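Engineer: One file: run.txt (compact mmCIF, C-alpha atoms and all ligand atoms).
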# COMPACT_ATOMS: atom_id res chain seq x y z
CA MET S 578 -4.86 8.84 12.57
CA SER S 579 -2.25 6.26 11.63
CA LYS S 580 -0.57 4.57 14.53
CA CYS S 581 3.14 3.89 14.68
CA LEU S 582 3.54 0.36 15.93
CA LEU S 583 7.10 0.00 14.73
CA LYS S 584 10.01 2.23 15.68
CA ASN S 585 11.01 4.74 13.00
CA GLU S 586 14.20 2.88 12.12
CA GLU S 587 12.20 -0.36 11.89
CA TYR S 588 9.88 1.27 9.33
CA LEU S 589 12.82 2.29 7.19
CA PHE S 590 14.32 -1.19 7.46
CA ALA S 591 10.92 -2.71 6.59
CA TYR S 592 10.60 -0.49 3.48
CA LYS S 593 14.07 -1.65 2.41
CA VAL S 594 13.19 -5.33 2.97
CA LEU S 595 9.87 -4.87 1.14
CA SER S 596 11.69 -3.35 -1.83
CA SER S 597 14.31 -6.09 -2.09
CA VAL S 598 12.74 -9.48 -1.39
CA TYR S 599 10.06 -9.82 -4.07
CA SER S 600 10.88 -11.61 -7.36
CA TYR S 601 8.56 -9.06 -8.97
CA PRO S 602 8.70 -6.06 -6.61
CA HIS S 603 5.51 -4.06 -6.45
CA THR S 604 7.48 -0.95 -7.49
CA ASP S 605 8.19 -2.76 -10.78
CA MET S 606 4.54 -3.85 -10.99
CA LEU S 607 3.47 -0.25 -10.57
CA TYR S 608 5.99 0.91 -13.15
CA ASP S 609 4.97 -1.73 -15.72
CA ILE S 610 1.32 -0.74 -15.35
CA TYR S 611 2.18 2.95 -15.39
CA LYS S 612 4.23 2.64 -18.61
CA ASN S 613 1.15 1.40 -20.47
CA ILE S 614 -1.18 4.20 -19.41
CA SER S 615 -1.62 6.86 -22.07
CA PHE S 616 -2.08 10.11 -20.20
CA LYS S 617 -3.77 13.04 -21.92
CA ASN S 618 -2.06 15.44 -19.52
CA ARG S 619 0.87 15.18 -17.17
CA ASN S 620 0.37 18.23 -15.03
CA ASN S 621 -0.22 16.94 -11.51
CA ALA S 622 0.35 13.51 -9.95
CA LEU S 623 -0.29 12.32 -6.41
CA ASN S 624 0.82 9.26 -4.46
CA ILE S 625 -1.28 8.61 -1.34
CA GLY S 626 0.71 6.71 1.31
CA ALA S 627 4.00 6.82 -0.58
CA GLY S 628 6.03 4.93 2.07
CA GLY S 629 9.61 4.42 0.85
CA ALA S 630 8.68 6.34 -2.36
CA PHE S 631 10.63 3.95 -4.63
CA PHE S 632 7.97 4.27 -7.36
CA ASP S 633 7.86 8.04 -7.02
CA MET S 634 11.63 8.33 -7.56
CA LYS S 635 11.08 6.69 -10.97
CA ILE S 636 8.12 8.70 -12.23
CA SER S 637 7.98 12.08 -10.51
CA LYS S 638 9.99 13.82 -13.24
CA ASP S 639 7.30 12.83 -15.80
CA PHE S 640 4.86 15.30 -14.21
CA GLN S 641 5.04 19.05 -13.79
CA ASN S 642 3.96 18.89 -10.16
CA TYR S 643 4.40 15.87 -7.95
CA TYR S 644 2.51 15.46 -4.66
CA VAL S 645 2.96 12.82 -1.97
CA ILE S 646 0.85 12.22 1.10
CA GLU S 647 2.60 10.22 3.82
CA PRO S 648 1.82 10.37 7.55
CA ASN S 649 5.15 8.79 8.53
CA LEU S 650 7.47 11.75 9.06
CA GLU S 651 10.59 9.60 9.07
CA ALA S 652 9.78 8.23 5.60
CA THR S 653 9.23 11.70 4.16
CA LYS S 654 12.74 12.84 5.17
CA SER S 655 14.22 11.01 2.18
CA TYR S 656 11.78 12.49 -0.36
CA HIS S 657 12.83 14.86 -3.13
CA LYS S 658 12.64 18.42 -1.86
CA GLU S 659 10.81 19.66 -4.97
CA TRP S 660 7.82 17.38 -4.33
CA HIS S 661 4.78 18.76 -2.54
CA ILE S 662 5.04 16.68 0.62
CA ILE S 663 1.95 16.43 2.81
CA ASN S 664 2.74 14.81 6.13
CA SER S 665 -0.74 13.70 7.12
CA ASP S 666 -3.39 11.04 6.76
CA PHE S 667 -5.20 11.40 3.44
CA GLN S 668 -8.55 11.63 5.26
CA ASP S 669 -7.33 14.81 6.98
CA THR S 670 -6.08 16.56 3.82
CA ASN S 671 -7.87 19.31 1.97
CA LEU S 672 -6.54 19.54 -1.60
CA GLU S 673 -7.89 21.97 -4.19
CA THR S 674 -5.68 20.62 -7.03
CA LYS S 675 -6.95 18.11 -9.63
CA PHE S 676 -4.67 15.25 -10.62
CA ASP S 677 -3.98 13.44 -13.91
CA PHE S 678 -2.62 10.47 -12.01
CA ILE S 679 -3.26 9.23 -8.46
CA VAL S 680 -1.70 6.13 -6.88
CA ILE S 681 -2.87 4.20 -3.83
CA SER S 682 -0.53 1.26 -3.41
CA HIS S 683 -0.94 -1.08 -0.43
CA VAL S 684 -2.58 1.51 1.77
CA LEU S 685 -6.21 0.38 2.19
CA TYR S 686 -5.55 -1.88 5.12
CA ASN S 687 -7.27 -1.52 8.46
CA MET S 688 -10.33 -0.03 6.83
CA ASN S 689 -13.92 -1.20 6.86
CA ALA S 690 -16.26 -0.92 3.85
CA GLN S 691 -17.34 2.61 4.76
CA GLU S 692 -13.78 3.87 5.28
CA ILE S 693 -12.63 2.35 1.97
CA LYS S 694 -15.60 3.92 0.19
CA CYS S 695 -14.77 7.38 1.61
CA PHE S 696 -11.05 6.98 0.83
CA ILE S 697 -11.59 5.99 -2.82
CA GLU S 698 -14.41 8.47 -3.31
CA LYS S 699 -12.20 11.29 -2.05
CA ALA S 700 -9.33 10.21 -4.33
CA HIS S 701 -11.70 9.78 -7.30
CA ASN S 702 -13.06 13.30 -6.77
CA LEU S 703 -9.51 14.65 -7.04
CA LEU S 704 -9.06 13.27 -10.58
CA SER S 705 -8.92 15.68 -13.52
CA ASP S 706 -11.34 14.96 -16.40
CA ASP S 707 -9.00 12.46 -18.07
CA GLY S 708 -7.28 11.42 -14.87
CA ILE S 709 -6.45 7.85 -13.85
CA LEU S 710 -6.53 6.36 -10.36
CA LEU S 711 -4.30 3.30 -9.86
CA ILE S 712 -4.94 1.09 -6.84
CA LEU S 713 -2.60 -1.81 -6.10
CA HIS S 714 -3.42 -4.16 -3.25
CA HIS S 715 -2.83 -7.69 -2.00
CA SER S 716 -5.36 -10.00 -3.63
CA PRO S 717 -7.26 -12.46 -1.46
CA ILE S 718 -6.45 -15.25 -3.91
CA GLU S 719 -4.76 -18.09 -2.01
CA SER S 720 -1.01 -17.73 -1.64
CA SER S 721 1.37 -18.46 1.23
CA LEU S 722 1.87 -14.81 2.16
CA ASN S 723 -1.81 -13.93 1.91
CA THR S 724 -2.59 -17.00 4.01
CA ILE S 725 -0.33 -15.78 6.82
CA VAL S 726 -1.89 -12.34 6.86
CA THR S 727 -5.48 -13.51 6.53
CA ASN S 728 -5.00 -16.35 9.04
CA PHE S 729 -4.17 -13.65 11.50
CA CYS S 730 -6.83 -11.29 10.25
CA PRO S 731 -9.59 -12.83 8.05
CA GLU S 732 -11.15 -9.36 7.56
CA LEU S 733 -8.44 -8.55 5.01
CA PHE S 734 -10.17 -10.87 2.55
CA ASN S 735 -12.85 -8.21 2.29
CA VAL S 736 -10.80 -5.31 0.89
CA GLU S 737 -11.19 -6.37 -2.74
CA LYS S 738 -14.90 -6.98 -2.21
CA PHE S 739 -15.33 -3.49 -0.68
CA ILE S 740 -13.48 -1.82 -3.59
CA ASN S 741 -15.51 -3.72 -6.21
CA THR S 742 -18.80 -2.94 -4.50
CA PHE S 743 -18.03 0.76 -4.27
CA LEU S 744 -16.92 1.03 -7.93
CA LYS S 745 -19.90 -0.93 -9.26
CA GLU S 746 -22.47 0.90 -7.13
CA ASN S 747 -21.17 4.23 -8.43
CA LEU S 748 -20.94 3.04 -12.05
CA ILE S 749 -17.26 3.97 -12.15
CA THR S 750 -15.34 2.55 -15.12
CA PHE S 751 -12.41 0.35 -14.13
CA THR S 752 -10.24 -2.55 -15.25
CA THR S 753 -8.37 -5.05 -13.10
CA ASN S 754 -5.22 -7.02 -13.54
CA ARG S 755 -3.79 -9.74 -11.27
CA LEU S 756 -0.07 -9.99 -10.69
CA HIS S 757 1.99 -12.64 -9.00
CA SER S 758 5.27 -12.42 -7.12
CA LYS S 759 7.51 -14.56 -4.92
CA VAL S 760 9.30 -13.50 -1.77
CA ARG S 761 12.67 -14.92 -0.82
CA ILE S 762 14.13 -13.99 2.55
CA GLU S 763 17.46 -15.32 3.78
CA SER S 764 17.65 -14.18 7.40
CA ASP S 765 15.48 -14.50 10.50
CA GLU S 766 15.89 -10.78 11.17
CA GLU S 767 14.57 -9.80 7.73
CA LEU S 768 11.69 -12.27 7.92
CA LYS S 769 10.68 -10.99 11.35
CA ILE S 770 10.66 -7.33 10.29
CA PHE S 771 8.87 -8.20 7.03
CA LEU S 772 6.06 -10.11 8.77
CA LYS S 773 5.93 -7.67 11.66
CA PHE S 774 5.45 -4.79 9.22
CA LEU S 775 2.72 -6.62 7.29
CA LEU S 776 0.87 -7.86 10.36
CA TYR S 777 1.17 -4.71 12.48
CA GLU S 778 0.39 -2.34 9.63
CA ASP S 779 -2.35 -4.33 8.02
CA THR S 780 -4.30 -5.57 10.99
CA TYR S 781 -3.97 -3.29 14.03
CA ASN S 782 -7.40 -1.68 13.63
CA PHE S 783 -9.11 -5.01 14.00
CA TYR S 784 -7.32 -5.51 17.30
CA GLU S 785 -7.58 -2.00 18.67
CA ASN S 786 -9.00 -3.03 22.01
CA LYS S 787 -6.90 -6.10 22.44
CA HIS S 788 -3.94 -5.32 24.71
CA SER S 789 -2.06 -8.45 23.74
CA PHE S 790 -2.06 -7.51 20.02
CA LYS S 791 1.70 -6.94 19.69
CA ASP S 792 2.52 -9.99 21.81
CA ASP S 793 0.16 -12.11 19.67
CA VAL S 794 1.86 -10.94 16.47
CA ASP S 795 5.34 -11.50 17.91
CA GLN S 796 4.39 -14.98 19.11
CA TYR S 797 2.85 -15.84 15.74
CA ILE S 798 6.01 -14.72 13.94
CA GLN S 799 8.32 -16.59 16.34
CA ASN S 800 6.29 -19.79 15.78
CA TYR S 801 6.44 -19.24 12.03
CA VAL S 802 10.24 -18.83 12.15
CA ASN S 803 10.60 -21.94 14.36
CA GLU S 804 8.48 -24.08 12.05
CA SER S 805 9.89 -22.94 8.69
CA HIS S 806 13.15 -23.55 6.88
CA LYS S 807 15.59 -21.07 5.39
CA PRO S 808 15.56 -19.52 2.90
CA TYR S 809 11.99 -18.43 3.57
CA LEU S 810 9.95 -18.62 0.36
CA LEU S 811 6.51 -17.09 0.13
CA ASP S 812 4.32 -16.42 -2.85
CA THR S 813 1.88 -13.59 -3.09
CA ASN S 814 -0.83 -12.17 -5.37
CA HIS S 815 -1.71 -8.58 -6.06
CA ILE S 816 -4.65 -6.95 -7.76
CA CYS S 817 -4.34 -3.71 -9.71
CA TYR S 818 -7.29 -1.43 -10.49
CA LEU S 819 -7.11 1.25 -13.16
CA ILE S 820 -10.00 3.63 -12.56
CA SER S 821 -11.14 6.45 -14.82
CA LYS S 822 -12.87 9.69 -13.87
C1 LIG Y 901 2.43 -0.74 3.10
S1 LIG Y 901 2.98 0.91 2.94
C2 LIG Y 901 2.96 1.11 1.17
C3 LIG Y 901 3.91 2.16 0.72
C4 LIG Y 901 3.91 2.45 -0.78
N1 LIG Y 901 2.63 2.94 -1.24
C5 LIG Y 901 4.27 1.22 -1.56
O1 LIG Y 901 3.44 0.68 -2.28
O2 LIG Y 901 5.42 0.78 -1.41
C6 LIG Y 901 1.55 1.83 3.43
C7 LIG Y 901 1.87 3.32 3.60
O3 LIG Y 901 0.63 4.02 3.69
C8 LIG Y 901 0.76 5.01 4.69
N2 LIG Y 901 -0.59 5.28 5.20
C9 LIG Y 901 -1.29 4.55 6.09
N3 LIG Y 901 -2.50 5.09 6.33
C10 LIG Y 901 -2.56 6.20 5.56
C11 LIG Y 901 -3.55 7.21 5.38
N4 LIG Y 901 -4.68 7.17 6.05
N5 LIG Y 901 -3.30 8.20 4.51
C12 LIG Y 901 -2.12 8.26 3.84
N6 LIG Y 901 -1.14 7.32 3.99
C13 LIG Y 901 -1.36 6.32 4.84
C14 LIG Y 901 1.69 4.39 5.73
O4 LIG Y 901 2.33 5.37 6.51
C15 LIG Y 901 2.67 3.62 4.84
O5 LIG Y 901 3.79 4.39 4.50
Just give me the structure of the file as structure tokens.
Structural biologist:
Amino acid sequence: MSKCLLKNEEYLFAYKVLSSVYSYPHTDMLYDIYKNISFKNRNNALNIGAGGAFFDMKISKDFQNYYVIEPNLEATKSYHKEWHIINSDFQDTNLETKFDFIVISHVLYNMNAQEIKCFIEKAHNLLSDDGILLILHHSPIESSLNTIVTNFCPELFNVEKFINTFLKENLITFTTNRLHSKVRIESDEELKIFLKFLLYEDTYNFYENKHSFKDDVDQYIQNYVNESHKPYLLDTNHICYLISK
């Protein structure tokens, strides 16, 4: 089960900050990649871990049936009522439908190699014959934002390696694309919620048994704010996988 380490209103604020501070927001990245996919069918689409659903708002009308899986109940309250909304972890879902398009954007955090394998395998099995699975994730390539997150949690360097290993071992056809973006944040409050969201959400599993986890993150962020100058400028890299059935 997902854990809620932020308060509900903090999640919503974090989604808003995430959607507004990138020079090339990942919603735009997703949309640019999406625009260039030639779909044979547009019956069913699914976004796993839709969060603020900014991408979904742009594309859901392109498909006959639009499904979202999102364990955060507060986030799902703003979703279009005509979507099929599944308020659960993906691992706990039992879908019979096949999908022409599946998205997993910035969700595969906190997972070890086995968990990532199961997650992608389950999504891949839900593709229709000509379906496409799009995975967008932070890339471990050096950048100031990735350095903050991986300094705190070096295990996150492994996500790309785990995905590649799984796809290659199973002879699954895929292409990758690297994308770059910059983050500009003006206020301490926004920086704190931005880093808190990234560090809490992305790393808590690795610190499950450590009681001081939240205090460590808060201290790390306070030090970062004290040592940096406004506006806060961070660069970041993403990797996009396009995976066929
Ligand atoms: C960093 S946000 C990304 C949101 C959105 N995909 C985007 O790219 O803007 C990660 C989201 O994945 C959701 N999530 C986390 N674990 C999940 C799981 N096991 N199954 C489905 N969604 C999950 C979280 O609730 C959160 O909304």
Engineer: Have a look at atom CA of S:His788 and atom CA of S:Asn585 and let me know their distance in Å, one decimal.
Structural biologist: 21.5 Å
Engineer: Using all atoms listed in the file, find each residue of chain S with at least one atom at most 8 Å away from an atom of ligand LIG 901 (chain Y); report its shortest atom-to-atom pair and that distance in Å (one decimal), sort the rows by chain and rising residue number, and return the result as a tab-separated table.
Structural biologist:
residue	atom	partner	partner_atom	distance
S:Met578	CA	Y:LIG901	N4	6.7
S:Ser579	CA	Y:LIG901	N3	5.4
S:Tyr592	CA	Y:LIG901	O2	7.2
S:Leu595	CA	Y:LIG901	O2	7.6
S:Ser596	CA	Y:LIG901	O2	7.5
S:His603	CA	Y:LIG901	O1	6.6
S:Thr604	CA	Y:LIG901	O2	6.6
S:Asn624	CA	Y:LIG901	N1	7.3
S:Ile625	CA	Y:LIG901	C12	5.3
S:Gly626	CA	Y:LIG901	N6	3.3
S:Ala627	CA	Y:LIG901	N1	4.2
S:Gly628	CA	Y:LIG901	O5	3.3
S:Gly629	CA	Y:LIG901	O2	6.0
S:Ala630	CA	Y:LIG901	C4	6.4
S:Phe631	CA	Y:LIG901	O2	6.9
S:Phe632	CA	Y:LIG901	O2	7.4
S:Ile646	CA	Y:LIG901	C12	5.7
S:Glu647	CA	Y:LIG901	N6	4.7
S:Pro648	CA	Y:LIG901	O4	5.1
S:Asn649	CA	Y:LIG901	O4	4.9
S:Ala652	CA	Y:LIG901	O5	7.2
S:Ser665	CA	Y:LIG901	C12	6.5
S:Asp666	CA	Y:LIG901	N5	3.6
S:Phe667	CA	Y:LIG901	N5	3.9
S:Gln668	CA	Y:LIG901	N4	6.0
S:Val680	CA	Y:LIG901	N1	7.8
S:Ile681	CA	Y:LIG901	N1	6.2
S:Ser682	CA	Y:LIG901	O1	4.2
S:His683	CA	Y:LIG901	C2	4.8
S:Val684	CA	Y:LIG901	C6	4.5
S:Leu685	CA	Y:LIG901	N3	7.3
S:Tyr686	CA	Y:LIG901	N3	7.7
S:Leu713	CA	Y:LIG901	O1	7.6
S:Phe774	CA	Y:LIG901	C1	7.9
S:Leu775	CA	Y:LIG901	C1	7.2
S:Glu778	CA	Y:LIG901	C1	7.0
S:Asp779	CA	Y:LIG901	C1	7.7
Engineer: Give me the residues within 12 Å of S:Lys638 as an MDAnalysis selection string, counting all atoms listed in the file and dropping any in the same chain fewer than 6 places off.
Structural biologist: chainID S and resid 619:622 632 644 657 659:660
Engineer: From the list S:Asp639, S:Asn689, S:Ser705, S:Leu811, which residue is nearest S:Phe734 when using only C-alpha atoms?
Structural biologist: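 Going through S:Asp639, S:Asn689, S:Ser705, S:Leu811 one by one, the smallest distance to S:Phe734 is for S:Asn689.
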Engineer: State, in Å with one decimal place, the distance from atom CA of S:Cys817 to atom CA of S:Val736.
Structural biologist: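 These atoms are spaced 12.5 Å apart.
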Engineer: Which residue gives the smallest distance to S:Thr670 among S:Val802, S:Leu607, S:Ala700, S:Ala591, with all atoms listed in the file counted?
Structural biologist: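 Result for the nearest residue to S:Thr670: S:Ala700.
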Engineer: For each of S:Leu703, S:Leu589, S:Leu776, S:Leu810, take the minimum atom-to-atom distance to S:Phe790, counting all atoms listed in the file, then give the residue where this is smallest.
Structural biologist: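 Among the listed residues, S:Leu776 lies closest to S:Phe790.
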Engineer: Put stretch 600-638 of chain S into a file with N, CA and C atoms, as a short mmCIF file (atom, residue, chain, number, x, y, z; two decimals), in the first residue's frame.
Structural biologist:
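Result file decode22.cif:
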data_model
loop_
_atom_site.label_atom_id
_atom_site.label_comp_id
_atom_site.auth_asym_id
_atom_site.auth_seq_id
_atom_site.Cartn_x
_atom_site.Cartn_y
_atom_site.Cartn_z
N SER S 600 10.75 24.26 -16.66
CA SER S 600 10.81 24.98 -17.95
C SER S 600 10.16 24.12 -19.03
N TYR S 601 10.30 22.81 -18.89
CA TYR S 601 9.66 21.88 -19.81
C TYR S 601 8.91 20.90 -18.92
N PRO S 602 7.66 21.25 -18.55
CA PRO S 602 6.93 20.41 -17.59
C PRO S 602 6.75 19.00 -18.12
N HIS S 603 6.73 18.03 -17.22
CA HIS S 603 6.66 16.65 -17.72
C HIS S 603 5.30 16.37 -18.37
N THR S 604 4.26 17.17 -18.04
CA THR S 604 2.99 17.01 -18.76
C THR S 604 3.20 17.35 -20.24
N ASP S 605 3.99 18.39 -20.50
CA ASP S 605 4.29 18.74 -21.91
C ASP S 605 5.16 17.68 -22.56
N MET S 606 6.12 17.15 -21.78
CA MET S 606 6.96 16.06 -22.32
C MET S 606 6.07 14.91 -22.75
N LEU S 607 5.18 14.52 -21.83
CA LEU S 607 4.28 13.40 -22.12
C LEU S 607 3.46 13.70 -23.37
N TYR S 608 2.97 14.93 -23.46
CA TYR S 608 2.10 15.27 -24.58
C TYR S 608 2.88 15.27 -25.90
N ASP S 609 4.11 15.79 -25.87
CA ASP S 609 4.92 15.82 -27.09
C ASP S 609 5.22 14.39 -27.58
N ILE S 610 5.49 13.51 -26.64
CA ILE S 610 5.76 12.11 -27.01
C ILE S 610 4.48 11.47 -27.53
N TYR S 611 3.41 11.71 -26.81
CA TYR S 611 2.09 11.14 -27.15
C TYR S 611 1.66 11.54 -28.57
N LYS S 612 1.87 12.83 -28.91
CA LYS S 612 1.43 13.35 -30.22
C LYS S 612 2.06 12.57 -31.38
N ASN S 613 3.27 12.04 -31.14
CA ASN S 613 3.99 11.36 -32.22
C ASN S 613 3.75 9.85 -32.26
N ILE S 614 2.91 9.35 -31.39
CA ILE S 614 2.60 7.91 -31.44
C ILE S 614 1.46 7.72 -32.43
N SER S 615 1.63 6.75 -33.35
CA SER S 615 0.48 6.49 -34.23
C SER S 615 -0.25 5.25 -33.70
N PHE S 616 -1.40 5.50 -33.13
CA PHE S 616 -2.19 4.42 -32.54
C PHE S 616 -3.02 3.74 -33.61
N LYS S 617 -3.06 2.42 -33.57
CA LYS S 617 -3.96 1.70 -34.49
C LYS S 617 -5.39 1.81 -33.99
N ASN S 618 -5.56 1.77 -32.68
CA ASN S 618 -6.91 1.89 -32.09
C ASN S 618 -6.86 2.88 -30.93
N ARG S 619 -7.99 3.48 -30.68
CA ARG S 619 -8.07 4.41 -29.54
C ARG S 619 -9.31 4.06 -28.72
N ASN S 620 -9.38 2.78 -28.37
CA ASN S 620 -10.54 2.37 -27.57
C ASN S 620 -10.34 2.69 -26.09
N ASN S 621 -9.34 2.04 -25.50
CA ASN S 621 -9.15 2.19 -24.05
C ASN S 621 -7.76 2.72 -23.72
N ALA S 622 -7.69 3.67 -22.80
CA ALA S 622 -6.40 4.16 -22.31
C ALA S 622 -6.42 4.13 -20.79
N LEU S 623 -5.22 4.00 -20.23
CA LEU S 623 -5.08 3.88 -18.77
C LEU S 623 -3.86 4.65 -18.29
N ASN S 624 -4.05 5.50 -17.26
CA ASN S 624 -2.91 6.14 -16.62
C ASN S 624 -2.78 5.57 -15.21
N ILE S 625 -1.60 4.99 -14.93
CA ILE S 625 -1.37 4.35 -13.62
C ILE S 625 -0.62 5.34 -12.72
N GLY S 626 -1.25 5.77 -11.64
CA GLY S 626 -0.65 6.78 -10.76
C GLY S 626 -0.78 8.15 -11.38
N ALA S 627 -2.03 8.56 -11.63
CA ALA S 627 -2.28 9.78 -12.43
C ALA S 627 -1.96 11.07 -11.69
N GLY S 628 -1.92 11.04 -10.36
CA GLY S 628 -1.58 12.24 -9.58
C GLY S 628 -2.54 13.39 -9.87
N GLY S 629 -1.99 14.54 -10.25
CA GLY S 629 -2.81 15.73 -10.54
C GLY S 629 -3.58 15.61 -11.84
N ALA S 630 -3.31 14.59 -12.64
CA ALA S 630 -4.04 14.26 -13.88
C ALA S 630 -4.00 15.38 -14.93
N PHE S 631 -2.93 16.16 -14.94
CA PHE S 631 -2.83 17.27 -15.92
C PHE S 631 -2.73 16.72 -17.35
N PHE S 632 -1.98 15.62 -17.51
CA PHE S 632 -1.84 15.00 -18.83
C PHE S 632 -3.18 14.40 -19.27
N ASP S 633 -3.85 13.77 -18.34
CA ASP S 633 -5.13 13.11 -18.66
C ASP S 633 -6.18 14.10 -19.14
N MET S 634 -6.18 15.30 -18.55
CA MET S 634 -7.14 16.33 -18.96
C MET S 634 -6.96 16.64 -20.46
N LYS S 635 -5.68 16.53 -20.92
CA LYS S 635 -5.41 16.88 -22.32
C LYS S 635 -5.78 15.77 -23.30
N ILE S 636 -5.68 14.52 -22.87
CA ILE S 636 -5.79 13.44 -23.87
C ILE S 636 -7.00 12.52 -23.71
N SER S 637 -7.70 12.62 -22.58
CA SER S 637 -8.72 11.60 -22.31
C SER S 637 -9.80 11.57 -23.38
N LYS S 638 -10.09 12.73 -23.97
CA LYS S 638 -11.18 12.77 -24.97
C LYS S 638 -10.77 12.07 -26.27
#
